[in-house]
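K.L.:
Please find my_file.cif (mmCIF, C-alpha atoms) on the next line:
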```cif
data_structure
#
loop_
_atom_site.label_atom_id
_atom_site.label_comp_id
_atom_site.auth_asym_id
_atom_site.auth_seq_id
_atom_site.Cartn_x
_atom_site.Cartn_y
_atom_site.Cartn_z
CA MET A 1 0.15 42.24 36.83
CA ASN A 2 2.66 39.51 35.81
CA ARG A 3 0.30 36.90 37.22
CA ILE A 4 -2.53 38.16 34.98
CA ILE A 5 -0.30 38.14 31.88
CA ARG A 6 0.95 34.61 32.66
CA ALA A 7 -2.61 33.39 33.16
CA GLY A 8 -3.63 34.92 29.84
CA VAL A 9 -0.66 33.39 27.99
CA CYS A 10 -1.37 29.98 29.55
CA ALA A 11 -5.04 30.17 28.59
CA ALA A 12 -4.14 31.16 25.03
CA THR A 13 -1.60 28.33 24.76
CA VAL A 14 -4.07 25.74 26.04
CA GLY A 15 -6.71 27.02 23.63
CA LEU A 16 -4.25 26.89 20.73
CA VAL A 17 -3.15 23.33 21.56
CA PHE A 18 -6.72 22.05 21.81
CA GLY A 19 -7.72 23.99 18.72
CA LEU A 20 -4.88 22.54 16.67
CA GLY A 21 -5.67 19.05 17.96
CA ALA A 22 -9.24 19.42 16.79
CA CYS A 23 -7.97 20.73 13.44
CA SER A 24 -5.68 17.74 13.08
CA GLU A 25 -8.53 15.31 13.73
CA ALA A 26 -10.77 17.20 11.31
CA THR A 27 -8.01 17.13 8.69
CA GLU A 28 -7.50 13.36 9.07
CA ALA A 29 -11.25 12.75 8.84
CA ALA A 30 -11.49 14.96 5.74
CA LYS A 31 -8.53 13.17 4.15
CA LYS A 32 -10.09 9.74 4.76
CA GLU A 33 -13.45 10.92 3.40
CA SER A 34 -11.70 12.36 0.33
CA VAL A 35 -9.84 9.09 -0.33
CA ASP A 36 -13.06 7.10 0.11
CA GLN A 37 -14.84 9.40 -2.36
CA ILE A 38 -12.04 9.05 -4.90
CA ASP A 39 -12.04 5.28 -4.40
CA LYS A 40 -15.79 5.15 -5.09
CA ALA A 41 -15.59 7.56 -8.04
CA ILE A 42 -12.78 5.60 -9.70
CA ASP A 43 -14.39 2.20 -9.33
CA GLU A 44 -12.97 0.89 -12.60
CA LYS A 45 -11.60 -2.61 -12.29
CA TYR A 46 -8.31 -3.78 -13.75
CA GLU A 47 -6.27 -6.99 -13.76
CA VAL A 48 -2.60 -7.39 -12.93
CA THR A 49 -0.45 -10.47 -12.83
CA TYR A 50 2.17 -10.94 -10.15
CA GLU A 51 5.22 -13.07 -10.90
CA VAL A 52 7.88 -14.23 -8.45
CA THR A 53 10.95 -16.34 -9.24
CA GLY A 54 13.90 -17.39 -7.13
CA LYS A 55 14.95 -20.00 -4.58
CA ASN A 56 14.01 -20.75 -0.98
CA ILE A 57 10.98 -18.46 -0.94
CA GLU A 58 9.27 -18.76 2.42
CA SER A 59 6.15 -16.79 1.56
CA ILE A 60 4.64 -14.20 -0.76
CA GLU A 61 2.27 -11.42 0.31
CA PHE A 62 0.18 -9.59 -2.27
CA VAL A 63 -2.78 -7.26 -2.67
CA GLY A 64 -5.61 -9.46 -3.87
CA GLY A 65 -8.37 -6.90 -4.38
CA GLU A 66 -10.12 -6.84 -1.01
CA GLY A 67 -10.17 -3.87 1.35
CA THR A 68 -9.96 -0.21 0.37
CA ALA A 69 -7.47 1.67 -1.77
CA MET A 70 -5.67 3.09 1.25
CA GLU A 71 -5.99 -0.08 3.34
CA PRO A 72 -5.86 -3.03 0.96
CA LYS A 73 -6.16 -6.47 2.46
CA LEU A 74 -3.03 -8.56 1.98
CA GLU A 75 -3.20 -12.22 1.05
CA SER A 76 -0.33 -14.62 1.47
CA VAL A 77 0.99 -17.90 0.16
CA LYS A 78 3.37 -20.04 2.25
CA LYS A 79 6.11 -22.08 0.55
CA PRO A 80 4.86 -21.35 -3.00
CA THR A 81 5.65 -23.55 -5.98
CA LEU A 82 8.15 -21.67 -8.14
CA PRO A 83 7.97 -19.87 -10.48
CA TRP A 84 4.85 -18.36 -8.89
CA LYS A 85 2.23 -16.45 -10.86
CA LYS A 86 -1.11 -14.98 -9.77
CA THR A 87 -3.63 -12.80 -11.64
CA VAL A 88 -5.86 -10.61 -9.49
CA THR A 89 -8.58 -8.05 -10.11
CA LEU A 90 -8.07 -4.70 -8.38
CA ARG A 91 -10.11 -1.51 -8.58
CA GLY A 92 -9.72 2.21 -8.56
CA ILE A 93 -6.57 3.66 -7.05
CA MET A 94 -5.70 0.43 -5.24
CA PRO A 95 -1.97 -0.13 -5.80
CA PRO A 96 -0.83 -3.52 -7.06
CA SER A 97 1.79 -4.97 -4.71
CA VAL A 98 3.65 -8.25 -4.30
CA SER A 99 6.33 -8.95 -1.66
CA PRO A 100 8.31 -12.19 -1.55
CA ILE A 101 10.22 -13.32 1.54
CA SER A 102 13.30 -15.40 0.72
CA LEU A 103 16.29 -16.75 2.58
CA ASP A 104 18.29 -16.60 -0.66
CA PRO A 105 17.58 -13.26 -2.40
CA ALA A 106 20.39 -13.55 -4.97
CA ASP A 107 18.10 -14.94 -7.71
CA LEU A 108 14.90 -13.35 -6.40
CA THR A 109 12.71 -11.39 -8.84
CA CYS A 110 9.23 -9.94 -8.47
CA LYS A 111 7.11 -8.33 -11.18
CA VAL A 112 3.77 -6.59 -11.57
CA ILE A 113 2.40 -6.98 -15.09
CA TYR A 114 -0.49 -4.97 -16.56
CA LYS A 115 -1.81 -5.71 -20.07
CA GLY A 116 1.30 -7.70 -20.91
CA GLU A 117 3.73 -4.95 -19.86
CA THR A 118 5.86 -4.99 -16.72
CA ILE A 119 4.95 -1.89 -14.71
CA LYS A 120 7.17 -2.73 -11.73
CA GLU A 121 10.10 -5.09 -11.29
CA ALA A 122 12.70 -5.68 -8.60
CA LYS A 123 15.61 -8.10 -8.40
CA GLY A 124 17.87 -9.47 -5.67
CA GLU A 125 17.89 -7.62 -2.35
CA LYS A 126 15.53 -4.95 -3.76
CA ALA A 127 12.90 -7.62 -4.39
CA LEU A 128 12.75 -8.24 -0.62
CA LEU A 129 11.21 -4.75 -0.38
CA GLY A 130 8.58 -5.89 -2.84
CA CYS A 131 7.13 -4.61 -6.08
CA ILE A 132 4.62 -1.85 -5.43
CA ALA A 133 3.22 -0.01 -8.44
CA GLU A 134 0.78 2.85 -8.86
CA SER A 135 -2.67 1.98 -10.08
CA PRO A 136 -2.39 1.91 -13.89
CA ILE A 137 -5.85 3.44 -14.39
CA VAL A 138 -5.20 6.67 -12.51
#
```
Show the structure stored in the file as structure tokens.
P.N.:
Amino acid sequence: MNRIIRAGVCAATVGLVFGLGACSEATEAAKKESVDQIDKAIDEKYEVTYEVTGKNIESIEFVGGEGTAMEPKLESVKKPTLPWKKTVTLRGIMPPSVSPISLDPADLTCKVIYKGETIKEAKGEKALLGCIAESPIV
């Protein structure tokens, strides 16, 4: 009798594990489809300007407008002329983001500017983490 109960419990456990795995995959697929639909529905374009100042900046990575909202394509500039400024056109829920890499973060500053107003700013060590803002049109 114990053998029958163990077999039943094992079968139920295996079924539950595979069932939850399928649910998880379905949930991820639904989430991606939902984000893609939102991205298409909110296709409004907007411009932001990135600004970076400091010393000894090795490179700057930023979202330039390519890719999708959840997987934006990063562009980069090596050894930029300082102060550095770049205006890009983004769309929908795509988050504006700029991340400088510097050997001397003491004077480092990064900004995201939308319609003349700074919507994200970081200085010093915090600027090494970058300036990532929410889409201003959402």
K.L.:
How many Å lie between atom CA of Lys123 of chain A and atom CA of Cys110 of chain A, rounded to one decimal?
P.N.:
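Result for atom CA of Lys123 of chain A versus atom CA of Cys110 of chain A: 6.6 Å, one decimal.
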K.L.:
Which value, in Å to one decimal, gives the distance between atom CA of Glu44 of chain A and atom CA of Leu129 of chain A?
P.N.:
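Atom-to-atom, atom CA of Glu44 of chain A and atom CA of Leu129 of chain A are spaced 27.7 Å apart.
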K.L.:
Set the distance at 7 Å and use only C-alpha atoms: which residues neighbour segment 77-90 of chain A once local chain neighbours fewer than 6 positions away are removed? I'd like the list as a list in words.
P.N.:
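Near neighbours after the sequence-gap exclusion: Lys45, Tyr46, Glu47, Val48, Thr49, Tyr50, Glu51, Val52, Thr53, Ile57, Glu58, Ser59, Ile60, Glu61, Gly64 and Gly65 of chain A.
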K.L.:
List, as a VMD selection string, every residue that the PyMOL selection byres ((chain A and resi 117) around 12) selects in the file provided.
P.N.:
chain A and resid 47 to 50 111 to 116 118 to 121 136
K.L.:
Between atom CA of Glu33 of chain A and atom CA of Val98 of chain A, measure the distance and give it in Å to one decimal.
P.N.:
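Taking atom CA of Glu33 of chain A and atom CA of Val98 of chain A, their separation equals 26.8 Å.
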K.L.:
Closest to Asp107 of chain A among A:Glu134, A:Asn56, A:Phe62, A:Thr68, using all atoms listed in the file?
P.N.:
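Between A:Glu134, A:Asn56, A:Phe62, A:Thr68, the residue approaching Asp107 of chain A most closely is A:Asn56.
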K.L.:
Which of these residues is nearest to Gly67 of chain A, using all atoms listed in the file: A:Lys55, A:Gly124, A:Asp43, A:Met94?
P.N.:
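Closest to Gly67 of chain A, using all atoms listed in the file: A:Met94.
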K.L.:
So, counting only C-alpha atoms, which residue among A:Ile93, A:Pro100, A:Ala127, A:Val138 is closest to Glu75 of chain A?
P.N.:
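Using only C-alpha atoms, the shortest distance to Glu75 of chain A belongs to A:Pro100.
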K.L.:
Please determine, counting only C-alpha atoms, which residue among A:Ala122, A:Ala29, A:Ile132, A:Arg91 has the shortest atom-to-atom distance to Ala69 of chain A.
P.N.:
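Residue with the minimum atom-to-atom distance to Ala69 of chain A: A:Arg91.
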